[in-house]
Structure formats: C-alpha cells, structure tokens
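S.K.: Provided herewith: my_file-v3.txt, compact mmCIF, C-alpha atoms and all ligand atoms.
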```
# COMPACT_ATOMS: atom_id res chain seq x y z
CA MET O 136 33.15 -0.13 12.02
CA ILE O 137 29.50 0.56 11.29
CA LYS O 138 28.28 -1.47 8.35
CA GLU O 139 24.81 -0.06 8.03
CA THR O 140 22.36 2.15 9.89
CA LEU O 141 18.65 1.44 9.75
CA ILE O 142 15.65 3.36 10.92
CA GLU O 143 12.20 1.91 11.39
CA VAL O 144 8.84 3.63 11.45
CA SER O 145 5.64 1.80 12.32
CA GLY O 146 2.16 2.51 13.63
CA ILE O 147 0.74 3.83 10.37
CA ASP O 148 -2.56 2.16 9.55
CA PHE O 149 -5.54 2.25 7.25
CA SER O 150 -8.77 0.28 6.96
CA ALA O 151 -9.96 -0.86 3.56
CA GLY O 152 -12.12 -3.40 1.81
CA HIS O 153 -10.88 -5.74 -0.88
CA PHE O 154 -11.10 -9.22 -2.34
CA VAL O 155 -8.53 -11.20 -4.24
CA SER O 156 -9.03 -13.65 -7.07
CA GLU O 157 -6.93 -16.75 -7.29
CA GLY O 158 -7.19 -19.72 -9.61
CA GLY O 159 -10.44 -18.52 -11.19
CA LYS O 160 -12.18 -17.99 -7.84
CA CYS O 161 -12.70 -14.79 -5.89
CA GLU O 162 -12.72 -14.30 -2.18
CA ARG O 163 -15.77 -12.75 -0.58
CA LEU O 164 -15.65 -9.03 -0.07
CA HIS O 165 -13.98 -8.31 3.27
CA GLY O 166 -11.71 -5.79 4.92
CA HIS O 167 -8.53 -5.45 6.91
CA ASN O 168 -7.12 -3.00 9.38
CA TYR O 169 -3.83 -2.78 7.55
CA GLN O 170 -0.67 -1.95 9.49
CA VAL O 171 2.16 -0.31 7.60
CA SER O 172 5.77 -0.04 8.64
CA VAL O 173 8.94 0.96 6.87
CA ARG O 174 12.63 0.29 7.34
CA ILE O 175 15.16 2.59 5.71
CA SER O 176 18.89 2.11 5.48
CA GLY O 177 21.47 4.72 4.65
CA GLU O 178 24.35 6.77 5.94
CA ILE O 179 24.01 9.05 8.93
CA ASP O 180 23.98 12.66 7.73
CA SER O 181 25.50 15.81 9.25
CA GLN O 182 22.40 16.15 11.46
CA GLY O 183 23.05 12.70 12.96
CA MET O 184 20.18 10.95 11.25
CA VAL O 185 19.41 8.74 8.26
CA VAL O 186 16.02 10.34 7.70
CA ASP O 187 13.90 12.39 10.06
CA PHE O 188 11.27 10.00 11.49
CA ARG O 189 8.63 12.71 11.26
CA VAL O 190 9.21 13.19 7.53
CA VAL O 191 8.80 9.47 6.85
CA LYS O 192 5.65 9.24 8.98
CA GLU O 193 4.14 12.27 7.30
CA HIS O 194 4.70 10.88 3.78
CA LEU O 195 3.39 7.44 4.73
CA ARG O 196 0.32 8.88 6.44
CA LEU O 197 -0.54 10.90 3.34
CA LEU O 198 -0.20 7.85 1.09
CA CYS O 199 -2.28 5.62 3.37
CA LYS O 200 -4.94 8.28 3.91
CA GLU O 201 -5.94 7.95 0.23
CA TRP O 202 -6.78 4.27 0.82
CA ASP O 203 -8.44 4.64 4.21
CA HIS O 204 -12.15 3.66 4.32
CA ARG O 205 -12.21 2.75 0.64
CA LEU O 206 -12.81 -0.36 -1.36
CA LEU O 207 -9.56 -1.14 -3.17
CA LEU O 208 -9.99 -2.75 -6.60
CA PRO O 209 -7.41 -4.05 -9.08
CA ALA O 210 -7.31 -2.47 -12.56
CA HIS O 211 -5.62 -5.50 -14.16
CA SER O 212 -7.22 -8.60 -12.66
CA SER O 213 -8.13 -11.38 -15.08
CA GLN O 214 -11.20 -12.26 -12.95
CA ILE O 215 -12.42 -8.92 -11.54
CA LYS O 216 -13.94 -6.65 -14.18
CA ILE O 217 -14.65 -3.03 -13.30
CA SER O 218 -16.72 -0.46 -15.17
CA THR O 219 -17.33 3.00 -13.82
CA ARG O 220 -20.41 4.90 -14.97
CA GLY O 221 -20.62 8.25 -13.25
CA GLU O 222 -21.60 7.76 -9.62
CA HIS O 223 -21.76 3.96 -9.89
CA THR O 224 -18.97 1.46 -10.26
CA GLU O 225 -20.01 -2.01 -11.39
CA VAL O 226 -17.77 -4.91 -10.43
CA LYS O 227 -18.16 -8.37 -11.94
CA THR O 228 -16.46 -11.56 -10.86
CA PRO O 229 -17.17 -15.06 -12.18
CA GLU O 230 -19.60 -15.59 -9.29
CA ARG O 231 -20.88 -12.19 -8.21
CA GLU O 232 -21.91 -8.75 -9.36
CA TYR O 233 -21.57 -5.66 -7.21
CA SER O 234 -22.43 -2.00 -7.54
CA PHE O 235 -20.59 0.52 -5.39
CA PRO O 236 -20.66 4.31 -5.12
CA THR O 237 -17.72 5.46 -7.27
CA LYS O 238 -16.59 7.85 -4.51
CA ASP O 239 -16.06 4.90 -2.13
CA VAL O 240 -13.91 2.95 -4.58
CA LEU O 241 -10.27 3.24 -5.60
CA VAL O 242 -9.03 1.36 -8.66
CA LEU O 243 -5.33 0.68 -8.25
CA ASP O 244 -2.79 -0.03 -10.98
CA VAL O 245 -2.24 -3.65 -9.83
CA ILE O 246 -3.09 -7.22 -10.86
CA GLU O 247 -4.68 -7.97 -7.48
CA THR O 248 -5.03 -5.96 -4.27
CA THR O 249 -2.77 -8.28 -2.32
CA ALA O 250 -0.59 -7.05 0.53
CA GLU O 251 2.41 -7.55 -1.79
CA GLU O 252 1.00 -5.25 -4.45
CA LEU O 253 -0.03 -2.62 -1.90
CA ALA O 254 3.46 -2.70 -0.37
CA LYS O 255 4.94 -2.31 -3.85
CA ILE O 256 2.91 0.85 -4.51
CA LEU O 257 3.87 2.36 -1.15
CA ALA O 258 7.55 1.44 -1.57
CA THR O 259 7.70 2.94 -5.06
CA LYS O 260 5.96 6.17 -4.07
CA LEU O 261 7.85 6.64 -0.83
CA GLY O 262 11.09 5.69 -2.56
CA SER O 263 10.75 8.38 -5.22
CA VAL O 264 10.11 11.03 -2.56
CA LEU O 265 13.00 9.94 -0.33
CA LYS O 266 15.42 9.65 -3.22
CA GLN O 267 14.96 13.33 -4.01
CA GLU O 268 15.17 14.58 -0.44
CA PHE O 269 17.75 12.18 1.04
CA PRO O 270 20.67 11.13 -1.20
CA ASN O 271 22.20 9.29 1.79
CA VAL O 272 19.40 6.67 1.73
CA HIS O 273 20.28 3.34 0.03
CA GLN O 274 17.40 0.99 0.60
CA LEU O 275 13.80 0.94 1.67
CA ALA O 276 11.59 -1.91 2.90
CA VAL O 277 7.85 -1.39 3.22
CA SER O 278 5.74 -3.88 5.14
CA VAL O 279 1.97 -4.12 4.77
CA ALA O 280 0.28 -6.40 7.30
CA GLU O 281 -3.28 -7.63 6.81
CA SER O 282 -3.29 -9.05 10.33
CA ALA O 283 -0.86 -9.93 13.11
CA SER O 284 -0.02 -13.20 11.38
CA GLN O 285 0.39 -12.16 7.73
CA ARG O 286 2.35 -9.42 6.07
CA ALA O 287 4.14 -8.68 2.81
CA ILE O 288 7.46 -6.85 2.63
CA VAL O 289 8.79 -5.17 -0.49
CA VAL O 290 12.43 -4.08 -0.57
CA ILE O 291 13.71 -1.55 -3.12
CA ASP O 292 17.14 -0.07 -3.71
CA LEU O 293 17.29 3.69 -4.21
ZN ZN O 301 -7.98 -9.87 2.50
```
Can you turn what I pasted into structure tokens?

M.R.:
Amino acid sequence: MIKETLIEVSGIDFSAGHFVSEGGKCERLHGHNYQVSVRISGEIDSQGMVVDFRVVKEHLRLLCKEWDHRLLLPAHSSQIKISTRGEHTEVKTPEREYSFPTKDVLVLDVIETTAEELAKILATKLGSVLKQEFPNVHQLAVSVAESASQRAIVVIDL
C-alpha cells in the first residue's frame, strides 16, 4: 500500500546580494549563491507521474531568474529604510547609508530577506501555479539554501 509519492527537483540556483537586520543591528552587505530545491507530494496521475519534472523546473527557474544578480531588499524591515527616486534607490540602516541603481535592486514584500522569507515567496508562487495545473498535488516544500550548511524549508498544503 503506497502511502505517499514524492518528487524532488533540485539544481536551481540564483546569486543575489542582501543583508539582514537583527536586534537593531544590520549585517554587512554580502551575497549568496542560493540553491533552491522543491519536494512535491501527491497522487500519481494517469500519465504515471505526480508532476512533470520539467514543468516544475521551468516554473522555478522563471521565479529565480527575477532575483538573479540583484540586490534583494525587504519592504517591511524595522531597521532597513528604502526610498526610490527614479534611477537611484537610497537605503538607510542605523549604521550605514547606501545608494544603488534602482534597476539592480528588488524590493520584496517581506520583513527581512532571510532564506525563510525567500522560501515562503517561492512556495506561495509555485503553489498557486501547481494548484491550478495539478489537482493531484497535496503538499509542497521549498528549500532555499544560502550555503551547504544552512537552508530554510517552507512547507505548504495545497
Ligand atoms: Zn546572508
């Protein structure tokens, strides 16, 4: 008796800059070569699959491409204040002030640009796409790794 069937897709990556504030202090600006993987559980369909691997990879690649080679900034941080004026985006933290080209910056709808928050965005977006195309899918787990030793995993039910 099969209880559950899972598929896993990995090897999707993007490189981005960020910094996170914590306890009133901000990290220095730095970057990661983020590694993204996803695990999907559901019933095997009439084609013999849960979801076509290629479809999942294609959606994930498109989502990660938006973030690739950008500075990711949080829209709702209590410590990181962002103001965009045309081609320049000014960023203020308690200790530093930066100015970046607006075209190199992405302001995300998050409190901080942690791996957890990035995984949450990817899981939500991928989840809404999969839910429409694959009613046999039950659950989705998206992992965002900042390095080989640290990753965040967000699990959502569909
Ligand atoms: Zn970092």

S.K.: Which one is closest to ligand ZN 301 (chain O): O:Glu193, O:Leu253, O:Thr248, O:Glu201? Count all atoms listed in the file.

M.R.: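 Closest to ligand ZN 301 (chain O), using all atoms listed in the file: O:Thr248.
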
S.K.: Can you pull out every residue with an atom within 10 Å of ligand ZN 301 (chain O)? Use only C-alpha atoms and all ligand atoms and format it as a list in words.

M.R.: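 After applying the 10 Å limit, what remains is Ala151, Gly152, His153, Phe154, Val155, Glu162, Arg163, Leu164, His165, Gly166, His167, Asn168, Tyr169, Thr248, Thr249, Ala250, Glu281 and Ser282 of chain O.
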
S.K.: Please tell me which residues are no farther than 12 Å from (27.4, -3.6, 5.2) in the file, counting only C-alpha atoms, and write them as a tab-separated table (two decimals) with C-alpha atoms, in the frame of the given file.

M.R.:
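That gives us part.tsv:
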```
chain	number	residue	atom	x	y	z
O	136	MET	CA	33.15	-0.13	12.02
O	137	ILE	CA	29.50	0.56	11.29
O	138	LYS	CA	28.28	-1.47	8.35
O	139	GLU	CA	24.81	-0.06	8.03
O	140	THR	CA	22.36	2.15	9.89
O	141	LEU	CA	18.65	1.44	9.75
O	176	SER	CA	18.89	2.11	5.48
O	177	GLY	CA	21.47	4.72	4.65
O	178	GLU	CA	24.35	6.77	5.94
O	273	HIS	CA	20.28	3.34	0.03
O	274	GLN	CA	17.40	0.99	0.60
```

S.K.: For CA of Ile246 in chain O and CA of His223 in chain O, determine how far apart the two atoms are, in Å to one decimal place.

M.R.: 21.8 Å

S.K.: So, counting all atoms listed in the file, which residue among O:Ser150, O:Glu222, O:Ala287, O:Val264 is closest to Val190 in chain O?

M.R.: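 Of the candidates, the smallest distance to Val190 in chain O is held by O:Val264.
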
S.K.: Taking all atoms listed in the file into account, which of O:Val245, O:Val171, O:Leu265, O:Glu232 comes nearest Cys199 in chain O?

M.R.: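 Of O:Val245, O:Val171, O:Leu265, O:Glu232, the one nearest Cys199 in chain O is O:Val171, counting all atoms listed in the file.
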